[in-house]
file structure35.pdb (PDB, C-alpha atoms)
MODEL        1
ATOM      1  CA  MET A   1      11.927 -11.226 -17.603
ATOM      2  CA  THR A   2      10.503  -8.461 -19.761
ATOM      3  CA  HIS A   3       6.961  -7.139 -19.484
ATOM      4  CA  ASP A   4       4.934  -7.333 -22.693
ATOM      5  CA  PRO A   5       3.372  -3.836 -22.909
ATOM      6  CA  ASN A   6       0.379  -5.313 -24.759
ATOM      7  CA  ALA A   7      -0.340  -7.884 -22.049
ATOM      8  CA  ARG A   8      -2.891  -7.170 -19.353
ATOM      9  CA  LEU A   9      -2.779 -10.331 -17.227
ATOM     10  CA  PRO A  10       0.501 -10.982 -15.395
ATOM     11  CA  PRO A  11       1.946 -14.500 -15.584
ATOM     12  CA  GLY A  12       0.412 -17.069 -13.260
ATOM     13  CA  GLN A  13      -2.798 -15.062 -12.686
ATOM     14  CA  ILE A  14      -6.476 -15.766 -13.434
ATOM     15  CA  THR A  15      -9.200 -13.117 -13.710
ATOM     16  CA  THR A  16     -12.197 -12.793 -11.413
ATOM     17  CA  ARG A  17     -15.163 -10.432 -11.233
ATOM     18  CA  LYS A  18     -15.404 -11.010  -7.495
ATOM     19  CA  TRP A  19     -13.201  -9.190  -5.008
ATOM     20  CA  PRO A  20     -11.978 -11.852  -2.597
ATOM     21  CA  VAL A  21     -11.500 -10.784   1.017
ATOM     22  CA  LEU A  22      -8.053 -11.759   2.277
ATOM     23  CA  HIS A  23      -6.120 -10.452   5.263
ATOM     24  CA  TYR A  24      -4.212 -11.601   8.306
ATOM     25  CA  GLY A  25      -6.034 -11.448  11.629
ATOM     26  CA  THR A  26      -9.347  -9.758  12.334
ATOM     27  CA  VAL A  27     -11.029  -6.702  10.831
ATOM     28  CA  PRO A  28     -10.213  -3.813  13.185
ATOM     29  CA  ALA A  29     -12.801  -1.451  14.600
ATOM     30  CA  VAL A  30     -11.301   1.912  13.615
ATOM     31  CA  ASP A  31     -12.126   4.837  15.922
ATOM     32  CA  LEU A  32     -12.198   7.805  13.550
ATOM     33  CA  THR A  33     -12.152  10.317  16.415
ATOM     34  CA  ALA A  34      -8.735   8.999  17.476
ATOM     35  CA  TRP A  35      -7.462   8.019  14.008
ATOM     36  CA  ARG A  36      -4.259   9.663  12.776
ATOM     37  CA  PHE A  37      -2.206   9.339   9.599
ATOM     38  CA  GLN A  38       1.474  10.164  10.068
ATOM     39  CA  VAL A  39       4.365  10.704   7.690
ATOM     40  CA  ILE A  40       7.592  10.382   9.691
ATOM     41  CA  GLY A  41      11.196   9.240   9.427
ATOM     42  CA  ALA A  42      13.645  10.595   6.860
ATOM     43  CA  VAL A  43      11.591  13.671   5.922
ATOM     44  CA  ALA A  44      12.079  17.417   6.286
ATOM     45  CA  ARG A  45       8.521  18.099   7.490
ATOM     46  CA  PRO A  46       6.927  15.217   9.427
ATOM     47  CA  PHE A  47       3.197  15.659   9.923
ATOM     48  CA  SER A  48       0.046  14.040  11.255
ATOM     49  CA  LEU A  49      -3.505  14.235   9.899
ATOM     50  CA  THR A  50      -6.810  13.706  11.653
ATOM     51  CA  TRP A  51      -9.627  11.969   9.796
ATOM     52  CA  GLU A  52     -11.326  15.322   9.112
ATOM     53  CA  GLU A  53      -8.077  16.782   7.776
ATOM     54  CA  LEU A  54      -7.598  13.806   5.451
ATOM     55  CA  LEU A  55     -11.136  14.168   4.097
ATOM     56  CA  ALA A  56     -10.487  17.854   3.382
ATOM     57  CA  LEU A  57      -7.562  17.134   1.039
ATOM     58  CA  PRO A  58      -7.983  17.094  -2.757
ATOM     59  CA  ARG A  59      -8.875  13.719  -4.252
ATOM     60  CA  ARG A  60      -8.499  11.965  -7.581
ATOM     61  CA  GLU A  61      -9.598   8.733  -9.245
ATOM     62  CA  THR A  62      -7.435   5.825 -10.268
ATOM     63  CA  VAL A  63      -8.817   3.237 -12.683
ATOM     64  CA  CYS A  64      -6.683   0.125 -12.481
ATOM     65  CA  ASP A  65      -6.336  -3.633 -12.478
ATOM     66  CA  ILE A  66      -5.347  -5.271  -9.202
ATOM     67  CA  HIS A  67      -3.312  -8.451  -8.841
ATOM     68  CA  CYS A  68      -3.217 -10.602  -5.708
ATOM     69  CA  VAL A  69      -0.249 -12.804  -4.862
ATOM     70  CA  THR A  70      -2.778 -15.651  -4.394
ATOM     71  CA  ARG A  71      -3.131 -15.573  -8.209
ATOM     72  CA  TRP A  72      -6.363 -13.663  -8.853
ATOM     73  CA  SER A  73      -6.597 -10.451 -10.857
ATOM     74  CA  ARG A  74      -9.544  -8.062 -11.064
ATOM     75  CA  TYR A  75      -9.875  -5.621 -13.953
ATOM     76  CA  ASP A  76     -11.243  -2.072 -14.186
ATOM     77  CA  ASN A  77     -11.382  -1.054 -10.529
ATOM     78  CA  VAL A  78     -12.286   2.575  -9.849
ATOM     79  CA  PHE A  79     -10.763   3.925  -6.640
ATOM     80  CA  GLU A  80     -10.975   7.471  -5.316
ATOM     81  CA  GLY A  81      -8.775   8.965  -2.653
ATOM     82  CA  VAL A  82      -5.946  11.285  -1.699
ATOM     83  CA  PRO A  83      -2.901  11.136  -4.008
ATOM     84  CA  VAL A  84       0.127   9.673  -2.241
ATOM     85  CA  GLN A  85       2.472  11.990  -4.150
ATOM     86  CA  ALA A  86       0.859  15.044  -2.519
ATOM     87  CA  LEU A  87       1.534  13.598   0.941
ATOM     88  CA  LEU A  88       5.144  12.792   0.115
ATOM     89  CA  GLU A  89       5.673  16.264  -1.342
ATOM     90  CA  ARG A  90       4.245  17.816   1.820
ATOM     91  CA  ALA A  91       6.652  15.790   3.966
ATOM     92  CA  GLY A  92       9.746  16.472   1.848
ATOM     93  CA  PRO A  93      11.678  13.188   1.673
ATOM     94  CA  ALA A  94      15.340  13.418   2.641
ATOM     95  CA  PRO A  95      17.731  13.153  -0.326
ATOM     96  CA  ASP A  96      18.887   9.715   0.843
ATOM     97  CA  ALA A  97      15.439   8.350   1.713
ATOM     98  CA  ALA A  98      14.933   5.275  -0.465
ATOM     99  CA  TYR A  99      12.327   3.055   1.217
ATOM    100  CA  VAL A 100       9.019   3.338   3.039
ATOM    101  CA  LEU A 101       7.649   1.197   5.821
ATOM    102  CA  VAL A 102       3.863   1.447   5.558
ATOM    103  CA  HIS A 103       2.070   1.250   8.913
ATOM    104  CA  ALA A 104      -1.502   0.069   9.418
ATOM    105  CA  GLU A 105      -3.892  -0.849  12.208
ATOM    106  CA  GLN A 106      -2.946  -3.680  14.588
ATOM    107  CA  ASP A 107       0.785  -2.965  14.075
ATOM    108  CA  TYR A 108       0.723  -4.356  10.532
ATOM    109  CA  THR A 109       3.488  -3.175   8.198
ATOM    110  CA  THR A 110       4.621  -3.627   4.621
ATOM    111  CA  ASN A 111       7.666  -2.183   2.874
ATOM    112  CA  ILE A 112       7.815  -0.403  -0.488
ATOM    113  CA  PRO A 113      10.694   1.312  -2.294
ATOM    114  CA  LEU A 114      10.092   5.065  -2.249
ATOM    115  CA  ALA A 115      10.305   5.187  -6.057
ATOM    116  CA  GLU A 116       7.436   2.654  -6.250
ATOM    117  CA  LEU A 117       5.287   4.587  -3.770
ATOM    118  CA  ASP A 118       5.917   7.978  -5.387
ATOM    119  CA  ARG A 119       3.724   7.420  -8.470
ATOM    120  CA  PRO A 120       0.641   9.268  -9.751
ATOM    121  CA  ALA A 121      -1.741   6.291  -9.594
ATOM    122  CA  ASN A 122      -1.112   5.575  -5.911
ATOM    123  CA  LEU A 123      -3.762   6.713  -3.428
ATOM    124  CA  LEU A 124      -4.912   6.651   0.113
ATOM    125  CA  ALA A 125      -8.132   5.133  -1.196
ATOM    126  CA  LEU A 126     -11.424   6.039   0.440
ATOM    127  CA  SER A 127     -13.876   4.524  -2.032
ATOM    128  CA  HIS A 128     -14.187   1.764  -4.641
ATOM    129  CA  GLY A 129     -16.765   1.804  -7.420
ATOM    130  CA  GLY A 130     -18.265   5.002  -6.038
ATOM    131  CA  GLU A 131     -18.958   3.535  -2.591
ATOM    132  CA  PRO A 132     -16.977   3.967   0.631
ATOM    133  CA  LEU A 133     -14.545   1.130   1.211
ATOM    134  CA  THR A 134     -16.050  -1.525   3.461
ATOM    135  CA  PRO A 135     -14.080  -2.570   6.548
ATOM    136  CA  GLU A 136     -13.382  -5.969   4.974
ATOM    137  CA  HIS A 137     -11.674  -4.269   2.033
ATOM    138  CA  GLY A 138      -9.635  -1.913   4.170
ATOM    139  CA  GLY A 139     -12.094   0.844   4.976
ATOM    140  CA  PRO A 140     -12.138   3.540   6.094
ATOM    141  CA  VAL A 141      -8.872   4.036   4.165
ATOM    142  CA  ARG A 142      -6.375   1.734   2.502
ATOM    143  CA  LEU A 143      -3.256   2.251   0.473
ATOM    144  CA  LEU A 144      -3.518   1.664  -3.281
ATOM    145  CA  VAL A 145      -0.334   0.717  -5.173
ATOM    146  CA  PRO A 146      -1.883  -1.068  -8.173
ATOM    147  CA  HIS A 147       1.306  -1.928 -10.083
ATOM    148  CA  LEU A 148       2.540  -4.206  -7.255
ATOM    149  CA  TYR A 149       0.926  -7.318  -5.786
ATOM    150  CA  PHE A 150      -2.021  -6.244  -3.696
ATOM    151  CA  TRP A 151      -0.571  -7.160  -0.303
ATOM    152  CA  LYS A 152       1.532  -4.012  -0.709
ATOM    153  CA  SER A 153      -1.729  -1.977  -0.769
ATOM    154  CA  ALA A 154      -2.102  -2.180   2.988
ATOM    155  CA  LYS A 155      -5.608  -2.137   4.449
ATOM    156  CA  TRP A 156      -6.485   0.219   7.348
ATOM    157  CA  VAL A 157      -3.377   2.303   6.669
ATOM    158  CA  THR A 158      -2.140   4.739   9.324
ATOM    159  CA  GLY A 159       1.197   6.084   8.125
ATOM    160  CA  PHE A 160       4.393   6.152   6.097
ATOM    161  CA  GLU A 161       7.828   5.897   7.694
ATOM    162  CA  LEU A 162      10.537   6.923   5.231
ATOM    163  CA  LEU A 163      13.803   5.040   5.627
ATOM    164  CA  ARG A 164      17.329   5.015   4.266
ATOM    165  CA  GLU A 165      17.561   1.203   4.396
ATOM    166  CA  ASP A 166      14.984  -1.421   3.444
ATOM    167  CA  VAL A 167      13.121  -3.044   6.342
ATOM    168  CA  PRO A 168      10.746  -5.994   5.783
ATOM    169  CA  GLY A 169       7.125  -5.694   6.803
ATOM    170  CA  PHE A 170       4.891  -8.416   8.213
ATOM    171  CA  TRP A 171       4.499 -10.647   5.158
ATOM    172  CA  GLU A 172       8.028  -9.932   3.988
ATOM    173  CA  GLN A 173       9.331 -11.230   7.317
ATOM    174  CA  ASN A 174       7.359 -14.393   6.587
ATOM    175  CA  GLY A 175       8.856 -15.111   3.173
ATOM    176  CA  TYR A 176       7.092 -12.774   0.759
ATOM    177  CA  HIS A 177       9.132 -10.807  -1.752
ATOM    178  CA  MET A 178      10.549  -7.433  -0.740
ATOM    179  CA  ARG A 179       9.217  -5.698  -3.893
ATOM    180  CA  GLY A 180       6.283  -7.715  -5.287
ATOM    181  CA  ASP A 181       6.177  -7.006  -9.035
ATOM    182  CA  PRO A 182       3.383  -9.145 -10.596
ATOM    183  CA  TRP A 183       5.034  -9.076 -14.022
ATOM    184  CA  ARG A 184       8.169 -10.660 -12.597
ATOM    185  CA  GLU A 185       6.172 -13.020 -10.347
ATOM    186  CA  GLU A 186       7.951 -11.650  -7.301
ATOM    187  CA  ARG A 187       5.791 -13.635  -4.922
ATOM    188  CA  PHE A 188       8.052 -15.348  -2.424
ATOM    189  CA  GLY A 189      11.693 -15.680  -1.522
ATOM    190  CA  ARG A 190      14.206 -12.958  -0.843
ATOM    191  CA  ALA A 191      17.518 -12.289   0.804
ATOM    192  CA  ASP A 192      17.050 -10.771   4.255
ATOM    193  CA  PRO A 193      18.308  -7.192   4.557
ATOM    194  CA  ALA A 194      21.041  -6.528   7.071
ATOM    195  CA  ARG A 195      18.582  -4.978   9.507
ATOM    196  CA  MET A 196      15.227  -6.483  10.517
ATOM    197  CA  ARG A 197      12.394  -4.896  12.479
ATOM    198  CA  ARG A 198       9.952  -7.308  14.046
ATOM    199  CA  GLY A 199       6.589  -6.248  15.386
ATOM    200  CA  PRO A 200       4.206  -8.063  17.726
ATOM    201  CA  ARG A 201       2.677 -10.111  14.918
TER     202      ARG A 201
ENDMDL
END
call {"tool": "encode", "arguments": {"input": "structure35.pdb", "output": "C-alpha cells"}}
result
Amino acid sequence: MTHDPNARLPPGQITTRKWPVLHYGTVPAVDLTAWRFQVIGAVARPFSLTWEELLALPRRETVCDIHCVTRWSRYDNVFEGVPVQALLERAGPAPDAAYVLVHAEQDYTTNIPLAELDRPANLLALSHGGEPLTPEHGGPVRLLVPHLYFWKSAKWVTGFELLREDVPGFWEQNGYHMRGDPWREERFGRADPARMRRGPR
C-alpha cells in the first residue's frame, strides 16, 4: 500500500476536535522527586536524568496530526518537549542496535524500531497547546512519535532500552501490530518474534 503524499487522513480514520482519553489501567501519581528517565541497553553511554535535569535540556515544538488505533485523528496539535534525537545521540546507540523498548510508569512498555524513534519530530513532550500535559494525557511527560499510531507515544514515559532484537511491549503482546503505521493500517496482527518479554501486566 502506498501513501498518497497529498492525503492527510489515513485510511479508516475519522477526524475529531476532541482529544479522547484512552489508556490501560489507572492514571499514575508520579513522584517527581523520585522520577528518573533512563537510556540503557545497547548504547555506549547509558545515562539517567532527574526531573530537574530533563527540564534543563533544550526544547523544541512539533506541530503534528495524531492518529489513534481506535480510528480517531486529531489535526494541528502543538507539542513542546525535549527532542528524542538529542537523547539518543547522548547515549550513542551501538552499531547493531535496531529496536527500542519504551518503558513507562506501572511497568508499561511499547516497542519501536530505532529508525522510527530517531526522527526530528519525536519528543519527550511536556506540553500540548501551550499548557503542561495533564495526567490523563500522559503528564508530566509522554513520548511523542506522531507518524505512528498513538499507542506508540507512551504516556508517563520513564526510559528507552535499546535492543538488538525486537521485543513486543504490552499492547503488542496482546495482538497489536509491532510497528503501527497508520497509512498501512497496521493495527492488529503480527508474527511473534523469537523472543518475548512479559511484564506484570
call {"tool": "resolve_selection", "arguments": {"input": "structure35.pdb", "expression": "the PyMOL selection byres ((chain A and resi 146-155) around 6)", "output": "VMD selection string"}}
result
chain A and resid 66 to 69 138 142 to 145 156 to 157 180 to 182
call {"tool": "write_last_selection", "arguments": {"input": "structure35.pdb", "atoms": "C-alpha atoms", "output": "compact mmCIF listing (two decimals), in the coordinates of the input"}}
result
# COMPACT_ATOMS: atom_id res chain seq x y z
CA ILE A 66 -5.35 -5.27 -9.20
CA HIS A 67 -3.31 -8.45 -8.84
CA CYS A 68 -3.22 -10.60 -5.71
CA VAL A 69 -0.25 -12.80 -4.86
CA GLY A 138 -9.64 -1.91 4.17
CA ARG A 142 -6.38 1.73 2.50
CA LEU A 143 -3.26 2.25 0.47
CA LEU A 144 -3.52 1.66 -3.28
CA VAL A 145 -0.33 0.72 -5.17
CA TRP A 156 -6.48 0.22 7.35
CA VAL A 157 -3.38 2.30 6.67
CA GLY A 180 6.28 -7.72 -5.29
CA ASP A 181 6.18 -7.01 -9.04
CA PRO A 182 3.38 -9.14 -10.60
call {"tool": "resolve_selection", "arguments": {"input": "structure35.pdb", "expression": "the PyMOL selection byres ((chain A and resi 91) around 8)", "output": "PyMOL selection string"}}
result
chain A and resi 39-40+43-47+87-90+92-93
call {"tool": "atom_distance", "arguments": {"input": "structure35.pdb", "atom1": "CA of Leu57 (chain A)", "atom2": "CA of Tyr75 (chain A)"}}
result
27.3 Å
call {"tool": "residues_around", "arguments": {"input": "structure35.pdb", "residues": "Leu126 (chain A)", "least_positions_apart": "3", "cutoff": "7 Å", "atoms": "all atoms listed in the file", "output": "MDAnalysis selection string"}}
result
chainID A and resid 80:81 132:133 139:142
call {"tool": "resolve_selection", "arguments": {"input": "structure35.pdb", "expression": "the PyMOL selection byres ((chain A and resi 13) around 9)", "output": "count of residues only"}}
result
14
call {"tool": "closest_residue", "arguments": {"input": "structure35.pdb", "among": "A:Leu162, A:Thr16, A:Asp65, A:Thr33", "to": "Glu53 (chain A)", "atoms": "all atoms listed in the file"}}
result
A:Thr33
call {"tool": "residues_around", "arguments": {"input": "structure35.pdb", "residues": "Trp35 (chain A)", "least_positions_apart": "5", "cutoff": "9 Å", "atoms": "all atoms listed in the file", "output": "list in words"}}
result
Val30, Leu49, Thr50, Trp51 and Thr158 of chain A
call {"tool": "atom_distance", "arguments": {"input": "structure35.pdb", "atom1": "CA of Trp19 (chain A)", "atom2": "CA of Arg74 (chain A)"}}
result
7.2 Å
call {"tool": "atom_distance", "arguments": {"input": "structure35.pdb", "atom1": "CA of Arg184 (chain A)", "atom2": "CA of Ala86 (chain A)"}}
result
28.6 Å
call {"tool": "decode", "arguments": {"input": "structure35.pdb", "residues": "region 135-169 of chain A", "atoms": "N, CA and C atoms", "output": "compact mmCIF listing (two decimals), in the first residue's frame"}}
result
# COMPACT_ATOMS: atom_id res chain seq x y z
N PRO A 135 -2.28 14.85 33.63
CA PRO A 135 -2.01 13.43 33.91
C PRO A 135 -2.78 12.49 33.00
N GLU A 136 -4.02 12.83 32.66
CA GLU A 136 -4.82 11.94 31.81
C GLU A 136 -4.24 11.80 30.41
N HIS A 137 -3.50 12.80 29.97
CA HIS A 137 -2.89 12.75 28.64
C HIS A 137 -1.40 12.42 28.69
N GLY A 138 -0.96 11.90 29.83
CA GLY A 138 0.40 11.41 29.92
C GLY A 138 1.35 12.29 30.69
N GLY A 139 0.84 13.41 31.26
CA GLY A 139 1.71 14.26 32.04
C GLY A 139 2.20 13.58 33.30
N PRO A 140 3.41 13.91 33.72
CA PRO A 140 4.17 15.11 33.36
C PRO A 140 4.91 15.03 32.03
N VAL A 141 5.19 13.81 31.53
CA VAL A 141 5.93 13.71 30.27
C VAL A 141 5.52 12.43 29.55
N ARG A 142 5.27 12.58 28.25
CA ARG A 142 4.93 11.42 27.43
C ARG A 142 5.83 11.43 26.19
N LEU A 143 5.94 10.28 25.58
CA LEU A 143 6.63 10.19 24.31
C LEU A 143 5.71 10.69 23.21
N LEU A 144 6.27 11.34 22.20
CA LEU A 144 5.53 11.74 21.01
C LEU A 144 6.23 11.16 19.79
N VAL A 145 5.54 10.25 19.10
CA VAL A 145 6.00 9.68 17.82
C VAL A 145 4.83 9.82 16.86
N PRO A 146 4.61 11.01 16.29
CA PRO A 146 3.34 11.30 15.62
C PRO A 146 3.09 10.53 14.34
N HIS A 147 4.12 9.97 13.70
CA HIS A 147 3.89 9.29 12.42
C HIS A 147 3.43 7.85 12.61
N LEU A 148 3.39 7.35 13.85
CA LEU A 148 2.86 6.02 14.14
C LEU A 148 1.55 6.17 14.93
N TYR A 149 0.77 5.08 14.97
CA TYR A 149 -0.44 5.11 15.80
C TYR A 149 -0.06 5.54 17.22
N PHE A 150 -1.00 6.21 17.87
CA PHE A 150 -0.66 6.95 19.08
C PHE A 150 -0.38 6.08 20.29
N TRP A 151 -0.71 4.77 20.22
CA TRP A 151 -0.34 3.93 21.36
C TRP A 151 1.18 3.81 21.48
N LYS A 152 1.89 4.06 20.39
CA LYS A 152 3.35 4.04 20.45
C LYS A 152 3.91 5.26 21.18
N SER A 153 3.13 6.31 21.31
CA SER A 153 3.54 7.52 22.05
C SER A 153 3.19 7.34 23.52
N ALA A 154 3.98 6.53 24.20
CA ALA A 154 3.65 6.07 25.54
C ALA A 154 3.48 7.23 26.52
N LYS A 155 2.40 7.17 27.30
CA LYS A 155 2.18 8.12 28.38
C LYS A 155 3.12 7.80 29.55
N TRP A 156 3.42 8.82 30.37
CA TRP A 156 4.17 8.67 31.62
C TRP A 156 5.49 7.93 31.39
N VAL A 157 6.19 8.32 30.35
CA VAL A 157 7.39 7.61 29.90
C VAL A 157 8.53 7.76 30.91
N THR A 158 9.32 6.69 31.05
CA THR A 158 10.42 6.69 32.01
C THR A 158 11.74 6.20 31.41
N GLY A 159 11.76 5.75 30.16
CA GLY A 159 13.05 5.33 29.63
C GLY A 159 13.00 4.64 28.29
N PHE A 160 14.18 4.56 27.68
CA PHE A 160 14.39 3.82 26.43
C PHE A 160 15.40 2.71 26.71
N GLU A 161 15.09 1.52 26.26
CA GLU A 161 16.02 0.39 26.32
C GLU A 161 16.33 -0.03 24.89
N LEU A 162 17.55 0.24 24.44
CA LEU A 162 17.91 -0.10 23.06
C LEU A 162 18.29 -1.58 22.98
N LEU A 163 17.80 -2.22 21.91
CA LEU A 163 17.90 -3.66 21.77
C LEU A 163 18.42 -4.03 20.39
N ARG A 164 18.95 -5.22 20.29
CA ARG A 164 19.41 -5.76 19.01
C ARG A 164 18.31 -6.59 18.34
N GLU A 165 17.35 -7.06 19.11
CA GLU A 165 16.23 -7.84 18.59
C GLU A 165 14.94 -7.19 19.03
N ASP A 166 13.89 -7.33 18.24
CA ASP A 166 12.59 -6.73 18.56
C ASP A 166 11.92 -7.51 19.69
N VAL A 167 11.35 -6.78 20.64
CA VAL A 167 10.65 -7.37 21.77
C VAL A 167 9.30 -6.67 21.89
N PRO A 168 8.18 -7.40 21.91
CA PRO A 168 6.88 -6.74 21.98
C PRO A 168 6.64 -6.09 23.33
N GLY A 169 5.96 -4.94 23.29
CA GLY A 169 5.52 -4.29 24.50
C GLY A 169 4.17 -4.82 24.94
